[in-house]
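S.K.: Data file start.txt (compact mmCIF, C-alpha atoms and all ligand atoms) is appended below.
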```
# COMPACT_ATOMS: atom_id res chain seq x y z
CA MET U 10 100.80 111.37 -38.66
CA LEU U 11 97.02 111.00 -38.19
CA TYR U 12 97.66 109.25 -34.90
CA GLU U 13 100.36 111.72 -33.84
CA ILE U 14 97.87 114.59 -34.29
CA ASN U 15 95.25 112.71 -32.29
CA GLU U 16 97.67 111.95 -29.47
CA LYS U 17 98.78 115.58 -29.33
CA ALA U 18 95.12 116.71 -29.28
CA ILE U 19 94.39 114.36 -26.37
CA LYS U 20 97.49 115.58 -24.52
CA LEU U 21 96.33 119.20 -24.90
CA GLU U 22 92.85 118.22 -23.70
CA ASN U 23 94.37 116.55 -20.65
CA GLN U 24 96.09 119.86 -19.92
CA GLY U 25 92.63 121.44 -19.80
CA LYS U 26 92.60 122.95 -23.31
CA LYS U 27 89.42 122.72 -25.39
CA ILE U 28 90.26 121.30 -28.83
CA ILE U 29 87.71 121.26 -31.65
CA LYS U 30 88.40 117.84 -33.10
CA LEU U 31 87.82 117.62 -36.83
CA ASN U 32 90.50 115.00 -37.30
CA LEU U 33 88.42 111.81 -37.00
CA GLY U 34 85.18 110.55 -38.55
CA ASP U 35 83.41 109.95 -35.27
CA PRO U 36 80.09 111.83 -35.35
CA ASP U 37 79.04 113.99 -32.43
CA LEU U 38 75.41 112.83 -32.68
CA GLU U 39 74.22 110.29 -30.11
CA THR U 40 73.16 106.75 -30.97
CA PRO U 41 69.34 106.94 -31.14
CA ARG U 42 67.63 105.93 -27.88
CA GLU U 43 65.58 103.15 -29.47
CA ILE U 44 68.79 101.39 -30.55
CA ILE U 45 70.28 101.63 -27.05
CA GLU U 46 67.02 100.33 -25.53
CA ALA U 47 66.98 97.39 -27.95
CA ALA U 48 70.47 96.33 -26.84
CA TYR U 49 69.50 96.64 -23.19
CA GLU U 50 66.29 94.66 -23.66
CA ALA U 51 68.19 91.93 -25.48
CA MET U 52 70.74 91.73 -22.66
CA LYS U 53 67.96 91.45 -20.09
CA LYS U 54 66.45 88.61 -22.13
CA GLY U 55 69.73 86.71 -21.80
CA LYS U 56 71.07 87.30 -25.28
CA THR U 57 74.53 87.38 -23.80
CA LYS U 58 75.91 84.03 -24.97
CA TYR U 59 78.09 82.71 -27.78
CA SER U 60 76.31 82.42 -31.08
CA SER U 61 76.76 81.87 -34.83
CA ALA U 62 80.01 83.19 -36.31
CA TYR U 63 78.03 84.21 -39.41
CA GLY U 64 75.58 86.38 -37.50
CA GLU U 65 72.00 85.99 -36.30
CA LYS U 66 69.53 84.58 -38.80
CA ASN U 67 67.01 87.42 -38.36
CA LEU U 68 69.62 90.13 -38.95
CA ARG U 69 71.16 88.39 -41.95
CA GLU U 70 67.69 87.94 -43.43
CA LYS U 71 66.78 91.58 -42.89
CA ILE U 72 70.02 92.77 -44.54
CA ALA U 73 69.55 90.29 -47.37
CA GLU U 74 66.00 91.52 -47.98
CA TYR U 75 67.19 95.13 -48.03
CA HIS U 76 69.85 94.39 -50.65
CA GLY U 77 67.87 91.82 -52.64
CA VAL U 78 70.29 88.94 -52.00
CA SER U 79 70.07 85.66 -50.09
CA ALA U 80 70.88 85.50 -46.35
CA ASP U 81 73.66 83.02 -47.27
CA ASN U 82 75.42 85.89 -49.00
CA VAL U 83 75.61 87.95 -45.79
CA VAL U 84 78.02 87.71 -42.87
CA ILE U 85 77.97 89.98 -39.82
CA THR U 86 81.33 91.45 -38.80
CA PRO U 87 82.59 93.56 -35.88
CA GLY U 88 82.51 96.83 -37.84
CA SER U 89 82.99 97.20 -41.55
CA LYS U 90 86.70 97.53 -40.83
CA TRP U 91 86.82 93.83 -39.97
CA GLY U 92 84.92 93.09 -43.19
CA VAL U 93 87.62 94.96 -45.12
CA PHE U 94 90.41 93.24 -43.21
CA ALA U 95 88.92 89.74 -43.55
CA THR U 96 88.33 90.16 -47.30
CA MET U 97 91.82 91.54 -47.89
CA TYR U 98 93.34 88.78 -45.79
CA LEU U 99 91.49 86.03 -47.62
CA LEU U 100 92.19 87.39 -51.10
CA LEU U 101 95.80 88.42 -50.53
CA LYS U 102 97.19 85.88 -48.06
CA ASN U 103 98.62 83.73 -50.83
CA GLY U 104 100.32 86.68 -52.51
CA GLY U 105 99.38 89.13 -55.21
CA ASN U 106 98.72 92.83 -55.19
CA VAL U 107 95.80 95.17 -54.65
CA VAL U 108 94.98 98.19 -56.81
CA ILE U 109 93.62 101.21 -54.92
CA PRO U 110 92.64 104.61 -56.27
CA THR U 111 93.85 107.46 -54.04
CA PRO U 112 93.05 109.38 -51.94
CA TYR U 113 92.16 106.30 -49.93
CA TRP U 114 90.94 105.46 -46.46
CA THR U 115 94.19 104.94 -44.53
CA ALA U 116 93.34 101.43 -43.31
CA TYR U 117 93.51 99.84 -46.78
CA GLU U 118 97.19 100.50 -47.20
CA LEU U 119 98.02 99.71 -43.56
CA THR U 120 96.16 96.40 -43.88
CA ALA U 121 97.95 95.51 -47.11
CA LYS U 122 101.28 96.31 -45.41
CA THR U 123 100.36 94.11 -42.45
CA LEU U 124 99.59 91.27 -44.83
CA GLY U 125 102.82 91.83 -46.76
CA ALA U 126 100.82 92.52 -49.93
CA GLU U 127 101.90 95.03 -52.54
CA THR U 128 99.61 98.04 -53.07
CA ARG U 129 99.46 99.63 -56.50
CA LEU U 130 98.05 103.10 -56.14
CA VAL U 131 96.22 105.03 -58.83
CA ARG U 132 96.24 108.75 -58.16
CA THR U 133 93.13 110.83 -58.77
CA GLU U 134 93.17 114.62 -58.70
CA LEU U 135 90.97 117.38 -57.42
CA ALA U 136 91.49 119.21 -60.75
CA SER U 137 89.70 116.41 -62.61
CA LYS U 138 87.07 116.09 -59.84
CA TRP U 139 88.64 112.86 -58.61
CA LYS U 140 87.84 110.96 -61.82
CA ILE U 141 89.88 107.86 -62.53
CA ASP U 142 92.66 108.10 -65.10
CA PHE U 143 92.05 104.79 -66.87
CA GLU U 144 95.44 104.70 -68.54
CA ALA U 145 97.07 104.77 -65.11
CA PHE U 146 94.47 102.36 -63.77
CA GLU U 147 95.11 99.75 -66.46
CA ARG U 148 98.86 100.22 -66.05
CA ALA U 149 98.53 99.49 -62.33
CA ILE U 150 96.87 96.13 -62.96
CA ASN U 151 99.13 93.19 -63.75
CA GLY U 152 98.96 89.41 -63.68
CA GLN U 153 99.40 89.44 -59.89
CA THR U 154 96.44 91.73 -59.16
CA ARG U 155 93.97 89.93 -56.93
CA MET U 156 91.69 92.78 -55.96
CA ILE U 157 90.67 96.37 -56.58
CA ILE U 158 89.34 98.47 -53.69
CA LEU U 159 86.72 101.11 -54.35
CA ASN U 160 85.45 103.43 -51.65
CA ASN U 161 82.17 104.94 -52.71
CA PRO U 162 81.36 107.57 -51.41
CA ASN U 163 84.98 108.31 -50.69
CA ASN U 164 86.72 109.10 -47.43
CA PRO U 165 88.38 111.73 -47.48
CA THR U 166 86.80 113.54 -50.47
CA SER U 167 83.09 112.72 -49.82
CA LYS U 168 82.78 112.36 -53.58
CA VAL U 169 80.41 109.80 -55.04
CA MET U 170 82.00 107.84 -57.82
CA ASP U 171 81.10 108.81 -61.33
CA THR U 172 78.81 106.07 -62.72
CA GLU U 173 80.80 105.84 -65.95
CA ASP U 174 84.01 105.37 -63.97
CA MET U 175 82.42 102.66 -61.89
CA ASP U 176 81.02 100.88 -64.97
CA ARG U 177 84.46 100.90 -66.51
CA VAL U 178 86.27 99.68 -63.38
CA VAL U 179 83.86 96.76 -63.06
CA GLN U 180 84.10 95.97 -66.75
CA ILE U 181 87.91 95.81 -66.53
CA ALA U 182 87.72 93.77 -63.32
CA ASN U 183 85.29 91.30 -64.91
CA GLU U 184 87.43 90.94 -68.04
CA LYS U 185 90.53 90.28 -65.95
CA LYS U 186 88.70 88.20 -63.33
CA ILE U 187 89.72 90.47 -60.47
CA THR U 188 87.52 90.90 -57.39
CA VAL U 189 86.31 94.40 -56.55
CA LEU U 190 85.94 95.14 -52.85
CA SER U 191 83.50 98.02 -52.65
CA ASP U 192 83.53 99.83 -49.33
CA GLU U 193 80.15 101.54 -49.20
CA VAL U 194 79.96 102.59 -45.55
CA TYR U 195 78.69 106.07 -46.48
CA ALA U 196 76.35 104.98 -49.30
CA ASP U 197 73.06 104.99 -47.40
CA ILE U 198 73.62 108.50 -46.11
CA SER U 199 75.04 110.03 -49.28
CA PHE U 200 73.35 113.18 -50.58
CA VAL U 201 73.21 111.96 -54.18
CA LYS U 202 72.29 108.66 -55.74
CA THR U 203 75.13 106.19 -55.28
CA LYS U 204 75.52 103.06 -57.34
CA SER U 205 76.43 99.89 -55.46
CA ILE U 206 78.71 97.10 -56.59
CA LEU U 207 75.64 94.88 -56.12
CA ASP U 208 74.12 96.58 -59.17
CA TYR U 209 76.70 94.80 -61.33
CA ASP U 210 77.31 91.28 -62.57
CA GLY U 211 80.45 89.54 -61.38
CA SER U 212 81.68 88.03 -58.18
CA HIS U 213 82.43 91.13 -56.14
CA VAL U 214 82.33 92.06 -52.47
CA MET U 215 80.43 94.81 -50.72
CA VAL U 216 81.21 96.04 -47.22
CA ARG U 217 78.85 98.20 -45.19
CA GLY U 218 78.43 99.07 -41.55
CA PHE U 219 76.14 100.53 -38.96
CA SER U 220 78.67 103.02 -37.56
CA LYS U 221 78.01 105.89 -39.94
CA MET U 222 74.43 105.14 -40.95
CA PHE U 223 73.06 105.09 -37.42
CA THR U 224 75.78 106.83 -35.39
CA MET U 225 76.94 103.53 -33.90
CA THR U 226 80.73 103.84 -34.27
CA GLY U 227 81.56 102.30 -30.89
CA TRP U 228 79.17 99.36 -31.24
CA ARG U 229 81.39 97.60 -33.75
CA ILE U 230 79.00 96.05 -36.21
CA GLY U 231 79.02 95.84 -39.98
CA TYR U 232 78.51 93.27 -42.72
CA VAL U 233 79.89 91.81 -45.91
CA ILE U 234 77.86 90.68 -48.92
CA ALA U 235 79.67 88.32 -51.28
CA ASN U 236 79.45 84.89 -52.88
CA ARG U 237 78.82 81.98 -50.53
CA GLU U 238 82.38 80.70 -50.72
CA LEU U 239 83.85 83.97 -49.41
CA ILE U 240 81.06 84.39 -46.85
CA ASP U 241 81.85 80.89 -45.59
CA LYS U 242 85.53 81.73 -45.29
CA ILE U 243 84.82 84.96 -43.40
CA GLY U 244 82.46 83.05 -41.07
CA LYS U 245 85.26 80.57 -40.37
CA LEU U 246 87.71 83.41 -39.78
CA ASN U 247 85.20 84.96 -37.35
CA GLN U 248 84.94 81.61 -35.59
CA ILE U 249 88.67 81.42 -34.84
CA THR U 250 89.05 85.09 -33.95
CA ILE U 251 86.07 87.07 -32.66
CA THR U 252 83.63 84.07 -32.36
CA ASN U 253 80.62 86.29 -33.04
CA VAL U 254 79.44 89.88 -32.82
CA PRO U 255 77.56 90.07 -29.47
CA VAL U 256 73.95 89.03 -30.05
CA PHE U 257 72.58 92.05 -28.13
CA ILE U 258 74.50 94.33 -30.51
CA GLN U 259 72.96 92.47 -33.44
CA GLU U 260 69.50 92.96 -31.89
CA ALA U 261 70.21 96.68 -31.65
CA ALA U 262 71.29 96.69 -35.30
CA LEU U 263 68.05 94.98 -36.26
CA THR U 264 66.10 97.74 -34.53
CA ALA U 265 68.25 100.33 -36.33
CA LEU U 266 67.43 98.78 -39.70
CA GLY U 267 63.74 98.90 -38.82
CA MET U 268 64.13 102.69 -38.48
CA HIS U 269 66.42 103.00 -41.48
CA ASP U 270 64.62 105.67 -43.53
CA LYS U 271 63.85 107.93 -40.59
CA LEU U 272 67.34 107.79 -39.09
CA THR U 273 69.32 108.05 -42.31
CA SER U 274 67.26 111.02 -43.51
CA GLU U 275 67.87 112.80 -40.17
CA ILE U 276 71.61 112.17 -40.37
CA LYS U 277 71.73 113.30 -43.99
CA LYS U 278 69.94 116.53 -43.13
CA VAL U 279 72.46 117.44 -40.40
CA TYR U 280 75.48 116.72 -42.58
CA GLN U 281 74.07 118.41 -45.65
CA ARG U 282 73.65 121.56 -43.58
CA ARG U 283 77.20 121.32 -42.27
CA ALA U 284 78.59 120.58 -45.72
CA LYS U 285 76.93 123.74 -47.01
CA LEU U 286 78.33 125.78 -44.15
CA ALA U 287 81.82 124.40 -44.75
CA SER U 288 81.62 124.98 -48.50
CA LYS U 289 80.58 128.58 -47.98
CA ILE U 290 83.39 129.41 -45.54
CA LEU U 291 86.10 127.51 -47.43
CA SER U 292 85.13 129.09 -50.77
CA LYS U 293 85.41 132.56 -49.30
CA ALA U 294 89.00 131.73 -48.30
CA LYS U 295 89.64 130.62 -51.89
CA LEU U 296 90.55 127.09 -50.89
CA GLU U 297 90.02 124.52 -53.65
CA PHE U 298 87.78 121.52 -52.99
CA THR U 299 84.88 119.49 -54.37
CA GLU U 300 81.64 119.97 -52.48
CA PRO U 301 80.77 116.97 -50.30
CA GLU U 302 78.25 114.59 -51.84
CA ALA U 303 78.12 112.53 -48.64
CA PRO U 304 78.99 112.83 -44.93
CA PHE U 305 81.39 113.54 -43.23
CA TYR U 306 84.41 115.15 -44.85
CA VAL U 307 85.83 117.95 -46.98
CA PHE U 308 89.32 117.62 -48.48
CA PRO U 309 90.50 121.13 -49.40
CA ARG U 310 93.75 122.04 -51.06
CA ARG U 311 95.98 125.06 -50.84
CA ARG U 312 98.84 125.26 -53.25
CA GLY U 313 102.24 125.02 -51.56
CA LEU U 314 100.79 123.90 -48.24
CA ASP U 315 102.67 121.44 -46.03
CA SER U 316 99.59 119.92 -44.41
CA GLU U 317 101.56 118.05 -41.73
CA ARG U 318 103.10 121.29 -40.46
CA PHE U 319 99.75 123.02 -40.92
CA ALA U 320 97.89 120.39 -38.86
CA LEU U 321 100.43 120.59 -36.03
CA ASP U 322 100.33 124.41 -36.01
CA LEU U 323 96.52 124.44 -36.03
CA LEU U 324 96.53 122.48 -32.79
CA ASP U 325 97.98 125.60 -31.17
CA GLU U 326 94.81 127.35 -32.39
CA SER U 327 92.77 124.57 -30.69
CA VAL U 328 91.64 122.87 -33.91
CA ALA U 329 92.57 119.33 -34.95
CA ILE U 330 92.44 118.26 -38.62
CA ALA U 331 94.01 115.40 -40.59
CA PRO U 332 96.89 116.08 -43.00
CA GLY U 333 96.42 114.99 -46.60
CA THR U 334 99.46 112.71 -46.37
CA SER U 335 97.32 110.28 -44.34
CA PHE U 336 95.30 109.49 -47.47
CA GLY U 337 98.10 109.05 -50.01
CA ASP U 338 100.45 111.55 -51.60
CA TYR U 339 98.37 114.69 -50.90
CA ARG U 340 100.61 117.03 -48.95
CA GLU U 341 98.78 120.17 -50.14
CA HIS U 342 95.41 118.82 -48.95
CA PHE U 343 93.90 118.39 -45.51
CA ARG U 344 90.77 116.62 -44.31
CA ILE U 345 88.15 118.30 -42.19
CA ALA U 346 85.57 116.05 -40.52
CA LEU U 347 82.24 117.83 -40.04
CA THR U 348 81.60 115.89 -36.89
CA VAL U 349 81.09 118.64 -34.31
CA PRO U 350 78.07 120.87 -33.59
CA ASP U 351 77.45 123.68 -36.11
CA ASP U 352 78.58 126.55 -33.84
CA GLU U 353 81.92 124.85 -33.09
CA LEU U 354 82.31 123.95 -36.73
CA ASN U 355 81.81 127.57 -37.68
CA VAL U 356 84.52 128.73 -35.27
CA ALA U 357 86.92 125.99 -36.37
CA LEU U 358 86.40 126.59 -40.10
CA ASN U 359 87.11 130.28 -39.71
CA LYS U 360 90.29 129.52 -37.78
CA ILE U 361 91.36 127.03 -40.45
CA CYS U 362 90.76 129.57 -43.23
CA GLU U 363 92.59 132.29 -41.37
CA ALA U 364 95.60 130.02 -40.84
CA ALA U 365 95.52 128.70 -44.43
CA THR U 366 95.50 132.16 -45.98
CA LYS U 367 98.12 133.71 -43.70
N1 LIG V 1 85.46 102.38 -44.37
C1 LIG V 1 85.65 103.69 -44.42
C2 LIG V 1 85.80 104.35 -45.74
C3 LIG V 1 85.68 104.45 -43.24
O1 LIG V 1 85.88 105.77 -43.31
C4 LIG V 1 85.54 103.79 -42.00
C5 LIG V 1 85.59 104.52 -40.69
N2 LIG V 1 86.29 105.68 -40.63
C6 LIG V 1 85.34 102.41 -42.01
C7 LIG V 1 85.31 101.73 -43.20
C8 LIG V 1 85.20 101.63 -40.74
O2 LIG V 1 83.98 101.77 -40.15
P1 LIG V 1 83.45 100.75 -39.03
O3 LIG V 1 83.21 101.56 -37.83
O4 LIG V 1 82.18 100.18 -39.63
O5 LIG V 1 84.48 99.69 -38.84
```
Would you mind writing the file out in structure tokens?
M.R.:
Amino acid sequence: MLYEINEKAIKLENQGKKIIKLNLGDPDLETPREIIEAAYEAMKKGKTKYSSAYGEKNLREKIAEYHGVSADNVVITPGSKWGVFATMYLLLKNGGNVVIPTPYWTAYELTAKTLGAETRLVRTELASKWKIDFEAFERAINGQTRMIILNNPNNPTSKVMDTEDMDRVVQIANEKKITVLSDEVYADISFVKTKSILDYDGSHVMVRGFSKMFTMTGWRIGYVIANRELIDKIGKLNQITITNVPVFIQEAALTALGMHDKLTSEIKKVYQRRAKLASKILSKAKLEFTEPEAPFYVFPRRRGLDSERFALDLLDESVAIAPGTSFGDYREHFRIALTVPDDELNVALNKICEAATK
């Protein structure tokens, strides 16, 4: 349905209609100039050849230093999405299931389906502020469970995981010797302190990327931090598939990391402002939601809503959003991405509220 909405939005745009697109997490901000220049400079210096499937030494070292691990524990991937795919492939290719709290980022379930792996979903609710129901969580785990996926902060709720919940998930995973894949692509730009899986003992996997942190979605670069055995396997998988992330892109990423604090604080500021604006307008319309604790989304609910119908109808009002059914069994919810300029966001939010309260 997510893709159907996007296709319809593009079709309307091709007919000359202006659509305010809040259906995808692709920020409107530009990639900072310095990052673009770094890629260009690297290309001019001839960094346009094949290279290591694990990533460039200088970039792996810089990431390792930032996270307090060894460079051998880091592999560079074409986007964090590939890091998620590669980890899921390697852990699930010989069978077994994966436990995922919902709402989830759509790609986890689609990837599991592609691999023929069973997903065991654990529903969390807005009413309990998306906290994990541990009875359901423990029921979902069985002898075949190979991995648990956490997404912290979460897409679509923009909620940062409760520390107690995270402690308990990791404790259960460690007791049962299950790997946690922690997708932390929004962690560095979250508005509140966010615990990482790297803060825990145990052999777990962290995935991060440059897309959201530095507005580099189209550059396709991310990384995985894990034990050497898994890093080695992902490197080998890179070798037989993508070969390597282009070296000039890695050079640009290195420049981005050098400007980390400045750029992430700028991005945070923009999205905090938009989150406040959205919260104000949505509250007035009496929609239920948790306030975003990270970019880029809000996931409101209106009782009795059929969000698929709602999303299609809203396109006629020139606004695209994502129905809640794209993130699990959440028909009464919809996801708004705050990824357009404030004035457009204001117009779109008011249209959404008007339509939702009709
Ligand atoms: N994880 C989550 C939770 C995401 O929302 C996204 C992008 N929407 C990704 C991973 C993929 O990001 P990348 O561009 O780094 O592949």
S.K.: Within 7 Å of ligand LIG 1 (chain V) (counting only C-alpha atoms and all ligand atoms), which residues show up? I'd like them as a PyMOL selection string.
M.R.: chain U and resi 34+88-91+114+160+163-164+192+194+217-220+226+229-231
S.K.: Taking all atoms listed in the file into account, produce a table as CSV in which each residue of region 101-129 of chain U with an atom at most 8 Å from an atom of region 324-345 of chain U appears once, together with its shortest atom pair and the distance in Å to one decimal, ordered by chain and rising number.
M.R.:
```
residue,atom,partner,partner_atom,distance
U:Thr111,CA,U:Gly337,CA,6.1
U:Pro112,CA,U:Phe336,CA,5.0
U:Tyr113,CA,U:Phe336,CA,5.1
U:Trp114,CA,U:Phe336,CA,6.0
U:Thr115,CA,U:Phe336,CA,5.5
```
S.K.: Leaving out region 69-71 of chain U and any residue of its chain fewer than 6 positions from it, which residues lie within 12 Å of it when counting all atoms listed in the file, given as a PyMOL selection string?
M.R.: chain U and resi 61-63+77-86+231-234+240+259-260+262-267+269
S.K.: Tell me which of U:Ala294, U:Val279, U:Val179, U:Leu124 sits closest to Asp351 (chain U), counting all atoms listed in the file.
M.R.: U:Val279
S.K.: Please enclose the listed atoms of region 136-155 of chain U in an axis-aligned box, pad each side by 8 Å, and write out the centre and the three edge lengths in Å, rounded to one decimal, as JSON.
M.R.:
```
{"center_x": 93.2, "center_y": 104.3, "center_z": -62.7, "size_x": 28.3, "size_y": 45.8, "size_z": 27.6}
```
S.K.: Just checking: using all atoms listed in the file, which residue out of U:Phe223, U:Phe146, U:Trp139, U:Tyr280 ends up closest to Phe308 (chain U)?
M.R.: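 Of U:Phe223, U:Phe146, U:Trp139, U:Tyr280, the one nearest Phe308 (chain U), counting all atoms listed in the file, is U:Trp139.
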S.K.: Take CA of Thr96 (chain U) and CA of Asp142 (chain U) and report the distance between them in Å, one decimal.
M.R.: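 About the pair CA of Thr96 (chain U) and CA of Asp142 (chain U): they are 25.6 Å apart.
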S.K.: Report, in Å with one decimal, the straight-line distance from CA of Asp37 (chain U) to CA of Ile290 (chain U).
M.R.: 20.7 Å
S.K.: Of the candidates U:Pro87, U:Gly152, U:Gly313, U:Gly125, which shows the shortest atom-to-atom distance to Ala365 (chain U), using only C-alpha atoms?
M.R.: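 Nearest to Ala365 (chain U): U:Gly313.
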S.K.: So how many Å separate CA of Ile243 (chain U) and CA of Ala95 (chain U), to one decimal?
M.R.: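 Atom-to-atom, CA of Ile243 (chain U) and CA of Ala95 (chain U) are spaced 6.3 Å apart.
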S.K.: Could you give me, as an NGL selection string, the residues within 12 Å of Ala182 (chain U), counting all atoms listed in the file and dropping anything in the same chain fewer than 2 positions from it?
M.R.: :U and (107-108 or 146-147 or 150-151 or 154-159 or 175-180 or 184-190 or 206 or 209-213)
S.K.: Quick one: everything within 10 Å of Asp35 (chain U), counting only C-alpha atoms, minus sequence neighbours fewer than 5 positions away in the same chain. Send it as a ChimeraX atom specification.
M.R.: /U:30,220-221,224-227,305,346-349
S.K.: Which one of U:Ala149, U:Leu31, U:Leu321, U:Met97 sits closest to Ala121 (chain U) if you count all atoms listed in the file?
M.R.: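 The closest residue to Ala121 (chain U) is U:Met97.
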S.K.: Restricting the calculation to all atoms listed in the file, which member of U:Ile44, U:Ile249, U:Ala126, U:Ala235 is positioned closest to Gly104 (chain U)?
M.R.: U:Ala126
S.K.: Which residues of region 189-213 of chain U have any atom within 12 Å of an atom in region 275-278 of chain U when counting only C-alpha atoms, and what is the closest pair of atoms for each, with the distance in Å to one decimal? Order the rows by chain and rising number and write it as CSV.
M.R.:
```
residue,atom,partner,partner_atom,distance
U:Tyr195,CA,U:Lys277,CA,10.3
U:Ala196,CA,U:Lys277,CA,10.9
U:Asp197,CA,U:Lys277,CA,9.1
U:Ile198,CA,U:Lys277,CA,5.6
U:Ser199,CA,U:Lys277,CA,7.0
U:Phe200,CA,U:Lys277,CA,6.8
U:Val201,CA,U:Lys277,CA,10.4
```
S.K.: Pull the neighbourhood of (97.3, 102.6, -57.7) for me: all residues within 6 Å in file coordinates, counting only C-alpha atoms, as a list in words.
M.R.: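 Residues lying no farther than 6 Å from the given point: Val108, Ile109, Pro110, Arg129, Leu130, Val131 and Ala149 of chain U.
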S.K.: Point out the residue among U:Ile361, U:Ala320, U:Met170, U:Pro309 with the least atom-to-atom distance to Asn15 (chain U), counting all atoms listed in the file.
M.R.: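 Smallest separation from Asn15 (chain U) among the options: U:Ala320.
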